[in-house]
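The structure file data-v2.cif is reproduced below (mmCIF, C-alpha atoms and all ligand atoms).
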```
data_my_file
#
loop_
_atom_site.label_atom_id
_atom_site.label_comp_id
_atom_site.auth_asym_id
_atom_site.auth_seq_id
_atom_site.Cartn_x
_atom_site.Cartn_y
_atom_site.Cartn_z
CA MET A 1 -8.89 -55.25 -17.70
CA ALA A 2 -9.55 -54.74 -14.04
CA GLU A 3 -8.97 -51.11 -13.20
CA LYS A 4 -6.22 -50.30 -10.77
CA PRO A 5 -6.94 -47.75 -8.06
CA HIS A 6 -6.03 -44.26 -9.16
CA MET A 7 -3.68 -42.00 -7.21
CA ASN A 8 -2.76 -38.37 -7.78
CA LEU A 9 0.90 -37.91 -7.05
CA VAL A 10 2.85 -34.71 -6.73
CA PHE A 11 6.65 -34.31 -6.86
CA ILE A 12 7.69 -31.46 -4.64
CA GLY A 13 11.02 -30.04 -3.52
CA HIS A 14 13.56 -27.31 -3.98
CA VAL A 15 14.32 -26.09 -7.49
CA ASP A 16 16.99 -28.17 -9.27
CA HIS A 17 16.87 -31.03 -6.80
CA GLY A 18 15.60 -33.27 -9.60
CA LYS A 19 11.80 -33.34 -9.69
CA SER A 20 11.44 -33.32 -13.47
CA THR A 21 14.21 -35.84 -13.90
CA SER A 22 12.58 -38.10 -11.33
CA VAL A 23 9.20 -37.91 -13.03
CA GLY A 24 10.85 -38.71 -16.36
CA ARG A 25 12.71 -41.61 -14.80
CA MET A 26 9.55 -43.10 -13.29
CA LEU A 27 7.63 -42.72 -16.55
CA ALA A 28 10.40 -44.29 -18.57
CA ASP A 29 11.19 -47.17 -16.22
CA THR A 30 7.54 -48.13 -15.86
CA GLY A 31 7.28 -48.26 -19.65
CA ASN A 32 5.29 -45.09 -20.08
CA VAL A 33 7.68 -43.23 -22.34
CA ASP A 34 8.65 -45.07 -25.49
CA ALA A 35 12.30 -45.98 -25.78
CA TYR A 36 12.47 -44.39 -29.21
CA LEU A 37 11.33 -41.09 -27.78
CA ILE A 38 14.02 -41.14 -25.16
CA GLU A 39 16.56 -41.94 -27.87
CA LYS A 40 15.17 -39.11 -29.97
CA TYR A 41 15.44 -36.65 -27.14
CA ARG A 42 18.91 -37.85 -26.24
CA LYS A 43 19.98 -37.06 -29.79
CA MET A 44 18.20 -33.72 -29.77
CA ALA A 45 19.87 -32.89 -26.48
CA GLU A 46 23.28 -33.78 -27.90
CA GLU A 47 22.68 -31.86 -31.10
CA THR A 48 21.59 -28.70 -29.39
CA GLY A 49 24.54 -29.05 -27.06
CA LYS A 50 22.33 -29.01 -24.01
CA ALA A 51 23.83 -30.80 -21.09
CA THR A 52 20.37 -31.60 -19.85
CA PHE A 53 19.88 -35.16 -18.88
CA GLU A 54 17.54 -37.05 -21.15
CA PHE A 55 14.63 -37.43 -18.75
CA ALA A 56 14.48 -33.82 -17.75
CA TRP A 57 14.71 -33.19 -21.45
CA VAL A 58 11.78 -35.50 -22.13
CA MET A 59 9.64 -33.59 -19.67
CA ASP A 60 10.57 -30.19 -21.04
CA SER A 61 10.27 -31.32 -24.61
CA LEU A 62 6.86 -32.80 -24.11
CA LYS A 63 5.69 -29.40 -23.09
CA GLU A 64 7.41 -27.67 -25.99
CA GLU A 65 6.00 -30.12 -28.48
CA ARG A 66 2.59 -29.67 -27.02
CA ASP A 67 2.96 -25.94 -27.30
CA ARG A 68 3.81 -26.35 -30.95
CA GLY A 69 0.78 -28.54 -31.46
CA VAL A 70 2.70 -31.72 -32.25
CA THR A 71 0.92 -34.79 -31.02
CA ILE A 72 2.91 -37.28 -29.05
CA ASP A 73 1.49 -40.65 -28.26
CA VAL A 74 2.77 -40.79 -24.77
CA ALA A 75 0.54 -41.22 -21.78
CA HIS A 76 1.66 -37.85 -20.56
CA LYS A 77 2.59 -37.94 -16.91
CA LYS A 78 0.60 -41.01 -16.14
CA PHE A 79 2.15 -44.28 -15.14
CA ASN A 80 1.17 -47.68 -13.88
CA THR A 81 2.77 -49.75 -11.17
CA ASP A 82 1.74 -53.25 -10.10
CA LYS A 83 -0.79 -51.77 -7.79
CA TYR A 84 -1.76 -48.27 -8.86
CA TYR A 85 -2.45 -46.02 -11.75
CA PHE A 86 -0.69 -42.69 -11.03
CA THR A 87 -1.32 -39.26 -12.43
CA VAL A 88 1.54 -36.87 -11.78
CA ILE A 89 0.49 -33.37 -10.84
CA ASP A 90 3.28 -31.04 -11.77
CA ALA A 91 4.72 -28.68 -9.23
CA PRO A 92 7.42 -26.83 -11.10
CA GLY A 93 7.28 -23.54 -9.26
CA HIS A 94 6.06 -22.62 -5.89
CA ARG A 95 3.12 -20.62 -7.15
CA ASP A 96 1.81 -23.28 -9.49
CA PHE A 97 2.13 -25.75 -6.69
CA VAL A 98 0.00 -23.68 -4.37
CA LYS A 99 -2.58 -23.14 -7.07
CA ASN A 100 -2.65 -26.79 -8.06
CA MET A 101 -2.93 -28.01 -4.55
CA ILE A 102 -5.75 -25.74 -3.54
CA THR A 103 -7.96 -24.93 -6.47
CA GLY A 104 -6.42 -27.47 -8.80
CA THR A 105 -8.30 -30.03 -10.75
CA SER A 106 -6.74 -32.76 -8.72
CA GLN A 107 -5.71 -32.90 -5.14
CA ALA A 108 -2.63 -34.98 -4.45
CA ASP A 109 -3.22 -38.22 -2.58
CA ALA A 110 0.50 -38.55 -1.94
CA ALA A 111 3.69 -36.59 -2.42
CA VAL A 112 7.27 -37.46 -3.23
CA LEU A 113 9.57 -34.87 -1.68
CA VAL A 114 12.76 -34.78 -3.74
CA VAL A 115 15.85 -33.66 -1.83
CA SER A 116 19.30 -33.46 -3.37
CA ALA A 117 21.81 -35.52 -1.40
CA VAL A 118 24.45 -33.03 -2.53
CA GLU A 119 22.82 -29.99 -0.94
CA GLY A 120 20.47 -31.50 1.60
CA PRO A 121 17.15 -29.81 2.42
CA GLN A 122 16.82 -26.18 1.30
CA ALA A 123 14.28 -23.37 1.73
CA GLN A 124 11.63 -24.79 -0.60
CA THR A 125 12.06 -28.28 0.83
CA ARG A 126 10.73 -27.02 4.12
CA GLU A 127 8.08 -24.86 2.55
CA HIS A 128 6.71 -27.59 0.29
CA LEU A 129 6.77 -30.09 3.11
CA PHE A 130 4.76 -27.76 5.33
CA LEU A 131 2.35 -26.86 2.61
CA ALA A 132 1.70 -30.48 1.66
CA PHE A 133 0.97 -31.25 5.28
CA THR A 134 -1.17 -28.17 5.85
CA LEU A 135 -3.20 -28.97 2.75
CA GLY A 136 -3.89 -32.46 3.91
CA VAL A 137 -1.60 -34.57 1.73
CA ARG A 138 -1.25 -37.35 4.26
CA GLN A 139 1.12 -39.77 2.55
CA LEU A 140 4.72 -38.85 1.90
CA ILE A 141 7.82 -40.46 0.43
CA ILE A 142 11.18 -38.74 0.67
CA GLY A 143 13.65 -39.33 -2.13
CA LEU A 144 17.27 -38.39 -1.53
CA ASN A 145 18.28 -37.83 -5.11
CA LYS A 146 21.65 -37.49 -6.86
CA MET A 147 23.31 -40.24 -4.82
CA ASP A 148 25.57 -40.81 -7.85
CA ALA A 149 26.98 -37.33 -7.28
CA VAL A 150 28.01 -38.18 -3.71
CA LYS A 151 29.61 -41.48 -4.73
CA TRP A 152 26.75 -43.52 -3.20
CA SER A 153 28.03 -42.54 0.24
CA GLU A 154 26.17 -43.98 3.22
CA GLU A 155 27.61 -41.22 5.36
CA LYS A 156 26.17 -38.54 3.06
CA TYR A 157 22.83 -40.34 3.12
CA ASN A 158 22.77 -40.44 6.92
CA GLU A 159 23.70 -36.79 7.12
CA ALA A 160 20.96 -35.65 4.73
CA LYS A 161 18.48 -38.09 6.28
CA GLY A 162 19.17 -36.59 9.73
CA GLU A 163 18.43 -33.09 8.43
CA VAL A 164 15.30 -34.26 6.67
CA GLU A 165 14.06 -36.03 9.78
CA LYS A 166 14.48 -32.86 11.80
CA LEU A 167 12.17 -31.17 9.30
CA LEU A 168 9.72 -34.05 9.39
CA LYS A 169 9.31 -33.56 13.11
CA LEU A 170 7.88 -30.12 12.36
CA THR A 171 4.95 -31.83 10.73
CA GLY A 172 2.73 -34.70 11.72
CA TYR A 173 4.09 -37.08 9.08
CA LYS A 174 4.90 -40.52 10.42
CA ASP A 175 6.63 -43.59 8.98
CA VAL A 176 8.09 -41.74 6.02
CA PRO A 177 10.66 -43.73 4.04
CA VAL A 178 13.82 -41.79 3.14
CA ILE A 179 15.12 -43.40 -0.02
CA PRO A 180 18.60 -42.84 -1.47
CA TYR A 181 18.35 -42.93 -5.28
CA SER A 182 19.54 -41.43 -8.48
CA ALA A 183 17.03 -40.19 -11.02
CA TYR A 184 20.00 -39.89 -13.34
CA THR A 185 21.18 -43.51 -13.28
CA GLY A 186 17.96 -45.09 -12.05
CA ASP A 187 19.52 -46.69 -8.96
CA ASN A 188 16.77 -47.42 -6.40
CA ALA A 189 14.18 -45.69 -8.59
CA THR A 190 12.52 -48.82 -9.89
CA LYS A 191 15.48 -51.20 -9.58
CA ARG A 192 17.41 -52.03 -6.46
CA SER A 193 20.85 -50.40 -6.54
CA GLU A 194 24.02 -52.45 -6.54
CA ASN A 195 25.91 -49.29 -5.72
CA MET A 196 24.22 -48.93 -2.34
CA PRO A 197 24.21 -52.42 -0.79
CA TRP A 198 24.07 -50.77 2.66
CA TYR A 199 20.51 -49.58 2.02
CA LYS A 200 17.84 -52.13 2.92
CA GLY A 201 14.66 -50.08 2.58
CA PRO A 202 12.24 -49.82 -0.33
CA THR A 203 12.97 -48.38 -3.78
CA ILE A 204 10.86 -45.42 -4.94
CA LEU A 205 8.65 -47.81 -6.90
CA GLU A 206 8.18 -50.12 -3.92
CA ALA A 207 7.35 -47.16 -1.70
CA LEU A 208 4.75 -46.03 -4.25
CA ASN A 209 3.19 -49.48 -4.21
CA ASN A 210 3.18 -49.38 -0.40
CA LEU A 211 0.99 -46.27 -0.33
CA LYS A 212 -2.48 -46.72 1.04
CA GLU A 213 -5.43 -46.43 -1.24
CA PRO A 214 -7.19 -43.08 -0.73
CA ALA A 215 -10.74 -43.09 0.59
CA LYS A 216 -13.23 -43.13 -2.23
CA ALA A 217 -14.84 -39.74 -2.67
CA THR A 218 -17.93 -41.40 -4.15
CA GLU A 219 -18.86 -42.70 -0.70
CA LEU A 220 -19.16 -39.21 0.77
CA PRO A 221 -22.35 -37.15 0.54
CA LEU A 222 -22.65 -35.07 -2.63
CA ARG A 223 -20.76 -31.80 -2.84
CA LEU A 224 -20.79 -29.91 -6.12
CA PRO A 225 -19.50 -26.32 -6.05
CA VAL A 226 -21.19 -24.24 -8.73
CA GLN A 227 -18.88 -22.65 -11.27
CA ASP A 228 -21.52 -20.91 -13.40
CA VAL A 229 -25.25 -20.87 -14.03
CA TYR A 230 -26.92 -20.81 -17.46
CA THR A 231 -30.47 -20.52 -18.69
CA ILE A 232 -31.05 -22.63 -21.75
CA THR A 233 -34.23 -22.04 -23.76
CA GLY A 234 -36.52 -25.03 -23.58
CA ILE A 235 -34.48 -26.62 -20.84
CA GLY A 236 -34.32 -24.16 -17.97
CA THR A 237 -31.72 -23.45 -15.33
CA VAL A 238 -28.42 -25.27 -15.77
CA PRO A 239 -25.74 -24.92 -13.08
CA VAL A 240 -22.28 -26.05 -14.12
CA GLY A 241 -19.52 -27.40 -11.89
CA ARG A 242 -17.33 -30.28 -10.87
CA VAL A 243 -18.51 -33.06 -8.58
CA GLU A 244 -15.99 -33.00 -5.73
CA CYS A 245 -17.46 -35.91 -3.83
CA GLY A 246 -20.55 -38.04 -3.76
CA VAL A 247 -22.73 -38.86 -6.73
CA LEU A 248 -25.13 -36.59 -8.61
CA LYS A 249 -28.20 -38.43 -9.93
CA PRO A 250 -31.24 -37.38 -11.98
CA ASP A 251 -34.60 -37.33 -10.27
CA THR A 252 -33.14 -36.40 -6.91
CA LYS A 253 -33.56 -33.21 -4.94
CA VAL A 254 -30.53 -31.07 -4.19
CA ILE A 255 -30.10 -28.03 -2.00
CA PHE A 256 -27.82 -25.13 -2.93
CA GLU A 257 -26.07 -23.41 -0.06
CA PRO A 258 -25.66 -20.69 1.05
CA SER A 259 -28.44 -19.55 -1.34
CA HIS A 260 -30.67 -22.05 0.48
CA VAL A 261 -32.83 -23.14 -2.45
CA VAL A 262 -33.99 -26.62 -3.37
CA GLY A 263 -34.52 -28.03 -6.86
CA GLU A 264 -34.87 -31.36 -8.59
CA VAL A 265 -32.13 -32.64 -10.87
CA LYS A 266 -33.71 -33.62 -14.18
CA SER A 267 -30.75 -34.43 -16.43
CA ILE A 268 -26.95 -34.34 -16.36
CA GLU A 269 -24.66 -33.62 -19.28
CA MET A 270 -20.92 -33.85 -19.81
CA HIS A 271 -19.28 -33.09 -23.17
CA HIS A 272 -22.77 -32.82 -24.75
CA GLU A 273 -23.72 -36.31 -23.69
CA GLN A 274 -26.35 -37.32 -21.17
CA LEU A 275 -25.01 -39.10 -18.13
CA PRO A 276 -26.90 -41.58 -15.95
CA GLN A 277 -24.97 -40.09 -13.01
CA ALA A 278 -21.93 -37.90 -12.30
CA ILE A 279 -19.08 -38.97 -10.04
CA PRO A 280 -16.15 -37.09 -8.43
CA GLY A 281 -14.00 -35.43 -11.06
CA ASP A 282 -16.82 -35.08 -13.61
CA ASN A 283 -17.37 -31.57 -14.91
CA VAL A 284 -21.04 -31.39 -15.62
CA GLY A 285 -23.98 -29.20 -16.46
CA PHE A 286 -27.25 -30.28 -14.88
CA ASN A 287 -30.76 -29.15 -15.43
CA VAL A 288 -32.57 -28.31 -12.21
CA ARG A 289 -36.32 -27.90 -11.98
CA GLY A 290 -37.75 -25.54 -9.42
CA ILE A 291 -35.05 -22.88 -9.42
CA ALA A 292 -34.61 -19.72 -11.48
CA LYS A 293 -31.27 -18.58 -12.86
CA ASN A 294 -30.84 -15.91 -10.21
CA ASP A 295 -31.60 -18.29 -7.35
CA VAL A 296 -28.12 -19.85 -7.50
CA ARG A 297 -24.71 -18.46 -8.23
CA ARG A 298 -21.03 -19.25 -8.45
CA GLY A 299 -19.76 -20.28 -5.03
CA ASP A 300 -22.96 -22.10 -4.09
CA VAL A 301 -22.49 -25.77 -3.31
CA ALA A 302 -25.08 -28.40 -4.19
CA GLY A 303 -25.65 -31.25 -1.76
CA PRO A 304 -28.33 -33.69 -0.61
CA VAL A 305 -31.33 -32.11 1.12
CA ASP A 306 -30.81 -34.34 4.15
CA ASN A 307 -27.08 -33.55 4.38
CA PRO A 308 -26.74 -29.97 3.16
CA PRO A 309 -23.39 -28.26 2.64
CA THR A 310 -22.27 -26.45 5.81
CA VAL A 311 -22.69 -22.68 5.87
CA ALA A 312 -20.17 -21.05 8.17
CA LYS A 313 -20.69 -18.13 10.47
CA SER A 314 -17.04 -18.52 11.34
CA PHE A 315 -14.52 -21.33 11.17
CA LYS A 316 -11.36 -22.52 12.86
CA ALA A 317 -8.46 -23.19 10.54
CA GLN A 318 -4.86 -24.25 10.46
CA VAL A 319 -2.94 -21.91 8.21
CA MET A 320 0.60 -21.58 7.01
CA VAL A 321 1.86 -18.15 6.08
CA LEU A 322 3.80 -18.55 2.86
CA ASN A 323 4.59 -15.10 1.75
CA HIS A 324 3.45 -12.00 3.56
CA PRO A 325 5.36 -8.72 3.25
CA SER A 326 4.76 -7.71 6.87
CA VAL A 327 2.66 -9.34 9.59
CA ILE A 328 -0.86 -10.72 9.92
CA THR A 329 -2.81 -9.41 12.90
CA VAL A 330 -6.43 -9.64 14.06
CA GLY A 331 -8.59 -7.65 11.64
CA TYR A 332 -6.61 -8.61 8.53
CA THR A 333 -9.15 -9.19 5.72
CA PRO A 334 -7.68 -10.72 2.57
CA VAL A 335 -9.53 -12.75 -0.10
CA PHE A 336 -10.03 -16.45 0.54
CA HIS A 337 -10.21 -18.83 -2.41
CA CYS A 338 -12.16 -21.89 -1.42
CA HIS A 339 -13.67 -24.26 -4.05
CA THR A 340 -15.39 -21.90 -6.52
CA MET A 341 -15.81 -19.14 -3.95
CA GLN A 342 -13.75 -15.98 -3.63
CA ILE A 343 -14.65 -14.03 -0.58
CA ALA A 344 -13.17 -11.50 1.81
CA CYS A 345 -12.67 -13.03 5.25
CA THR A 346 -11.35 -11.55 8.46
CA PHE A 347 -8.85 -13.05 10.90
CA VAL A 348 -10.87 -12.57 14.08
CA GLU A 349 -8.69 -14.56 16.48
CA LEU A 350 -5.11 -15.79 16.43
CA LEU A 351 -5.54 -18.79 18.69
CA ALA A 352 -2.12 -20.41 18.68
CA LYS A 353 1.19 -20.43 16.93
CA LEU A 354 2.59 -23.89 16.32
CA ASP A 355 6.15 -24.73 17.28
CA PRO A 356 8.20 -25.71 14.25
CA ALA A 357 10.44 -27.82 16.48
CA THR A 358 7.77 -30.05 17.98
CA GLY A 359 4.56 -29.39 16.08
CA SER A 360 2.86 -28.48 19.34
CA VAL A 361 1.48 -25.14 20.47
CA LYS A 362 4.32 -22.66 20.85
CA GLU A 363 2.38 -19.61 21.82
CA GLU A 364 -1.24 -19.07 22.80
CA ASN A 365 -2.94 -16.01 21.33
CA PRO A 366 0.06 -14.61 19.49
CA GLN A 367 0.03 -10.91 18.59
CA PHE A 368 0.90 -11.50 14.94
CA LEU A 369 1.91 -14.08 12.34
CA LYS A 370 4.66 -13.74 9.78
CA THR A 371 6.02 -15.68 6.81
CA GLY A 372 6.91 -19.23 7.78
CA ASP A 373 4.51 -19.38 10.72
CA ALA A 374 1.95 -22.12 11.11
CA ALA A 375 -1.00 -21.26 13.30
CA ILE A 376 -4.52 -22.02 14.41
CA VAL A 377 -6.86 -19.10 13.74
CA ARG A 378 -10.53 -18.19 13.66
CA ILE A 379 -11.87 -16.74 10.44
CA GLN A 380 -15.07 -14.85 9.75
CA PRO A 381 -16.40 -14.62 6.19
CA SER A 382 -17.84 -11.27 5.10
CA ARG A 383 -20.86 -13.07 3.59
CA PRO A 384 -22.31 -16.55 4.11
CA MET A 385 -20.04 -19.20 2.60
CA VAL A 386 -19.85 -22.97 2.44
CA ILE A 387 -16.80 -24.57 3.93
CA GLU A 388 -16.44 -28.04 5.42
CA LYS A 389 -14.14 -29.63 7.96
CA ALA A 390 -11.22 -30.93 5.93
CA LYS A 391 -11.35 -34.17 7.88
CA GLU A 392 -14.86 -34.87 6.64
CA PHE A 393 -14.69 -33.33 3.17
CA PRO A 394 -11.03 -32.84 2.19
CA GLN A 395 -12.11 -31.37 -1.16
CA LEU A 396 -14.20 -28.63 0.47
CA GLY A 397 -12.00 -27.89 3.45
CA ARG A 398 -8.91 -26.23 2.04
CA PHE A 399 -8.30 -22.70 0.88
CA ALA A 400 -5.71 -20.26 -0.36
CA ILE A 401 -5.44 -16.74 0.95
CA ARG A 402 -4.52 -14.13 -1.62
CA ASP A 403 -3.67 -10.51 -1.22
CA MET A 404 -1.96 -7.99 -3.46
CA GLY A 405 -1.77 -10.44 -6.33
CA GLN A 406 -0.03 -13.24 -4.52
CA THR A 407 -0.78 -16.26 -2.38
CA VAL A 408 0.06 -15.15 1.13
CA ALA A 409 -1.13 -18.23 3.00
CA ALA A 410 -2.87 -21.57 2.64
CA GLY A 411 -4.83 -23.63 5.06
CA VAL A 412 -7.41 -26.20 5.99
CA CYS A 413 -10.63 -25.88 7.95
CA LEU A 414 -10.60 -27.68 11.30
CA ASP A 415 -14.04 -26.83 12.58
CA VAL A 416 -17.07 -24.82 11.54
CA GLU A 417 -19.38 -22.67 13.61
CA LYS A 418 -22.59 -23.16 11.64
CA LYS A 419 -24.72 -20.27 10.58
CA VAL A 420 -28.33 -20.70 11.52
CA GLN A 421 -30.27 -20.52 8.25
P1 LIG B 1 13.81 -29.77 -10.76
O1 LIG B 1 14.01 -28.30 -10.86
O2 LIG B 1 13.67 -30.21 -9.34
O3 LIG B 1 12.71 -30.31 -11.63
O4 LIG B 1 15.16 -30.45 -11.25
P2 LIG B 1 15.57 -31.13 -12.64
O5 LIG B 1 14.94 -32.47 -12.77
O6 LIG B 1 15.37 -30.15 -13.73
O7 LIG B 1 17.12 -31.38 -12.38
C1 LIG B 1 17.99 -30.32 -12.08
C2 LIG B 1 19.40 -30.69 -12.48
O8 LIG B 1 19.87 -31.78 -11.69
C3 LIG B 1 19.50 -31.13 -13.94
O9 LIG B 1 20.70 -30.61 -14.49
C4 LIG B 1 19.56 -32.64 -13.84
O10 LIG B 1 20.26 -33.21 -14.91
C5 LIG B 1 20.29 -32.84 -12.52
N1 LIG B 1 19.92 -34.12 -11.89
C6 LIG B 1 18.67 -34.59 -11.68
N2 LIG B 1 18.72 -35.80 -11.10
C7 LIG B 1 20.03 -36.10 -10.95
C8 LIG B 1 20.74 -37.24 -10.41
O11 LIG B 1 20.18 -38.25 -9.97
N3 LIG B 1 22.09 -37.16 -10.39
C9 LIG B 1 22.78 -36.09 -10.87
N4 LIG B 1 24.08 -36.11 -10.82
N5 LIG B 1 22.14 -35.02 -11.40
C10 LIG B 1 20.79 -35.02 -11.44
#
```
As structure tokens:
Amino acid sequence: MAEKPHMNLVFIGHVDHGKSTSVGRMLADTGNVDAYLIEKYRKMAEETGKATFEFAWVMDSLKEERDRGVTIDVAHKKFNTDKYYFTVIDAPGHRDFVKNMITGTSQADAAVLVVSAVEGPQAQTREHLFLAFTLGVRQLIIGLNKMDAVKWSEEKYNEAKGEVEKLLKLTGYKDVPVIPYSAYTGDNATKRSENMPWYKGPTILEALNNLKEPAKATELPLRLPVQDVYTITGIGTVPVGRVECGVLKPDTKVIFEPSHVVGEVKSIEMHHEQLPQAIPGDNVGFNVRGIAKNDVRRGDVAGPVDNPPTVAKSFKAQVMVLNHPSVITVGYTPVFHCHTMQIACTFVELLAKLDPATGSVKEENPQFLKTGDAAIVRIQPSRPMVIEKAKEFPQLGRFAIRDMGQTVAAGVCLDVEKKVQ
């Protein structure tokens, strides 16, 4: 079977606007949840007297069953369309979303922003939209859910669409379809709705098929952030980490930055098996000749000798402040989480605050930033660190900023002032 291109998809949006139900609906209607399971959960839902709709119930129950160690033969949160093979990254709560999007095992290639047609956009709608944009999720579909609950009203659709489009203007998203649907009944999810003949645009499924295929990370130069380093008797030094982009091959030289040491890759292992090569997404251990255990450490990034990972003296970034108790001013030094690196970095310049109304610069050199602000800033790491322009290496160019146990901001790197090695 010819493999379909793979896409990581995230469902975002305000709590209770119908993300879980929508995921369940897409899985079921594309034939990825067995009918008998849905029937089973419908019965369980009835028996326990829960008013929960069956698809939300499917999603919750999958988790519960997993927790209890029961095996379910469902391709959990993966579904196929005519064109793509989708993996759904869950974004139940705001925090998990931030974590998933930044340090997560899979970066979303596209997002479906679920907005209830009953309530219209709410606080988290805006926040998730901004965050998705800031973190470089470039393709977006907006689903106006619960159209059944507003009697399939075109007027309600136009009203909510108007509000959503105002929000969209705050970001750089273009050509975003706003689709009226019902996760509950399935109208315009995968099948065209007879209840909304006034709507001529794509269904959710069609919009998913219309997404553009993401650039292949294999074609970029190698970047492998080191998670850990082991010494194995008889083998030698074995760094462990995930290939973010490019290809790792035996008998090639790699450089580790910022430690600035070179070694030769001898063998690569994943799940105790030798690999002829490792590609993006592979979590591998690889034996490197020419380096000692203490030469490399967590936070180093391996790359080709002729295209080494970029070590920053400082970098320019676009950040969004998600949750800060007071204000961010020059001198603020929280911990940045970037690939496998955790490092204190200082805000050395607040270059510009971006206008939520137009997306353009609202204020040059603002005095401070507070929750909800998007801004361009200059950051200085307290020690050498590898970070890349998000445009060139999306996987290595985003970060979360944490302080006092919470994620206070997230951002992407726009430009790097290289450190002379
Ligand atoms: P989430 O918090 O965004 O994941 O939202 P859920 O999927 O858990 O849904 C929240 C509530 O909205 C549940 O009670 C659902 O049954 C209900 N809901 C979801 N989709 C629809 C819909 O299309 N129509 C109606 N009427 N209710 C819906």
Which chains and residue numbers are within 6 Å of ligand LIG 1 (chain B), counting all atoms listed in the file, if I want them as a count of residues only?
17
Might I get the box with edges along x, y and z of the file that holds all atoms of stretch 227-239 of chain A listed there, padded by 3 Å on every side, given as centre and edge lengths in Å to one decimal, as JSON?
```
{"center_x": -27.7, "center_y": -23.6, "center_z": -17.5, "size_x": 23.6, "size_y": 12.1, "size_z": 18.5}
```
Sort by chain and increasing residue number a table of all residues of stretch 206-306 of chain A within 12 Å of stretch 162-176 of chain A, each with its closest pair of atoms and their distance in Å to one decimal, counting all atoms listed in the file, and write it as a Markdown table.
```
| residue | atom | partner | partner_atom | distance |
| --- | --- | --- | --- | --- |
| A:Ala207 | CA | A:Val176 | CA | 9.5 |
| A:Leu208 | CA | A:Val176 | CA | 11.6 |
| A:Asn210 | CA | A:Val176 | CA | 11.1 |
| A:Leu211 | CA | A:Val176 | CA | 10.5 |
```
Quick one: distance from atom CA of A:Ser22 to atom CA of A:His6 in Å, one decimal?
19.7 Å
What does the structure give for the distance between atom CA of A:Val261 and atom CA of A:Tyr230, in Å to one decimal?
16.3 Å
Taking only residues of stretch 317-373 of chain A that have an atom at most 10 Å from an atom of stretch 391-411 of chain A, what is each one's shortest atom pair and its distance in Å to one decimal, using all atoms listed in the file, in chain and number order, as JSON lines?
```
{"residue": "A:Ala317", "atom": "CA", "partner": "A:Gly411", "partner_atom": "CA", "distance": 6.6}
{"residue": "A:Gln318", "atom": "CA", "partner": "A:Gly411", "partner_atom": "CA", "distance": 5.4}
{"residue": "A:Val319", "atom": "CA", "partner": "A:Gly411", "partner_atom": "CA", "distance": 4.1}
{"residue": "A:Met320", "atom": "CA", "partner": "A:Ala409", "partner_atom": "CA", "distance": 5.5}
{"residue": "A:Val321", "atom": "CA", "partner": "A:Ala409", "partner_atom": "CA", "distance": 4.3}
{"residue": "A:Leu322", "atom": "CA", "partner": "A:Ala409", "partner_atom": "CA", "distance": 4.9}
{"residue": "A:Asn323", "atom": "CA", "partner": "A:Val408", "partner_atom": "CA", "distance": 4.6}
{"residue": "A:His324", "atom": "CA", "partner": "A:Val408", "partner_atom": "CA", "distance": 5.2}
{"residue": "A:Pro325", "atom": "CA", "partner": "A:Val408", "partner_atom": "CA", "distance": 8.6}
{"residue": "A:Ile328", "atom": "CA", "partner": "A:Val408", "partner_atom": "CA", "distance": 9.9}
{"residue": "A:Thr333", "atom": "CA", "partner": "A:Asp403", "partner_atom": "CA", "distance": 8.9}
{"residue": "A:Pro334", "atom": "CA", "partner": "A:Asp403", "partner_atom": "CA", "distance": 5.5}
{"residue": "A:Val335", "atom": "CA", "partner": "A:Arg402", "partner_atom": "CA", "distance": 5.4}
{"residue": "A:Phe336", "atom": "CA", "partner": "A:Ile401", "partner_atom": "CA", "distance": 4.6}
{"residue": "A:His337", "atom": "CA", "partner": "A:Ala400", "partner_atom": "CA", "distance": 5.1}
{"residue": "A:Cys338", "atom": "CA", "partner": "A:Phe399", "partner_atom": "CA", "distance": 4.6}
{"residue": "A:His339", "atom": "CA", "partner": "A:Leu396", "partner_atom": "CA", "distance": 6.3}
{"residue": "A:Thr340", "atom": "CA", "partner": "A:Leu396", "partner_atom": "CA", "distance": 9.8}
{"residue": "A:Met341", "atom": "CA", "partner": "A:Phe399", "partner_atom": "CA", "distance": 9.6}
{"residue": "A:Gln342", "atom": "CA", "partner": "A:Ile401", "partner_atom": "CA", "distance": 9.5}
{"residue": "A:Ile343", "atom": "CA", "partner": "A:Ile401", "partner_atom": "CA", "distance": 9.7}
{"residue": "A:Ala344", "atom": "CA", "partner": "A:Ile401", "partner_atom": "CA", "distance": 9.4}
{"residue": "A:Cys345", "atom": "CA", "partner": "A:Ile401", "partner_atom": "CA", "distance": 9.2}
{"residue": "A:Lys370", "atom": "CA", "partner": "A:Val408", "partner_atom": "CA", "distance": 9.9}
{"residue": "A:Thr371", "atom": "CA", "partner": "A:Val408", "partner_atom": "CA", "distance": 8.3}
{"residue": "A:Gly372", "atom": "CA", "partner": "A:Ala409", "partner_atom": "CA", "distance": 9.4}
{"residue": "A:Asp373", "atom": "CA", "partner": "A:Ala409", "partner_atom": "CA", "distance": 9.6}
```
Got a sec to check which residues sit within 7 Å of (-22.3, -37.1, -4.7), counting all atoms listed in the file, and write them as a JSON list (two decimals) with C-alpha atoms, keeping the file's coordinate frame?
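Output below, filename selection_6.json:
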```
[["chain", "number", "residue", "atom", "x", "y", "z"],
["A", 218, "THR", "CA", -17.93, -41.40, -4.15],
["A", 220, "LEU", "CA", -19.16, -39.21, 0.77],
["A", 221, "PRO", "CA", -22.35, -37.15, 0.54],
["A", 222, "LEU", "CA", -22.65, -35.07, -2.63],
["A", 223, "ARG", "CA", -20.76, -31.80, -2.84],
["A", 243, "VAL", "CA", -18.51, -33.06, -8.58],
["A", 245, "CYS", "CA", -17.46, -35.91, -3.83],
["A", 246, "GLY", "CA", -20.55, -38.04, -3.76],
["A", 247, "VAL", "CA", -22.73, -38.86, -6.73],
["A", 248, "LEU", "CA", -25.13, -36.59, -8.61],
["A", 279, "ILE", "CA", -19.08, -38.97, -10.04]]
```
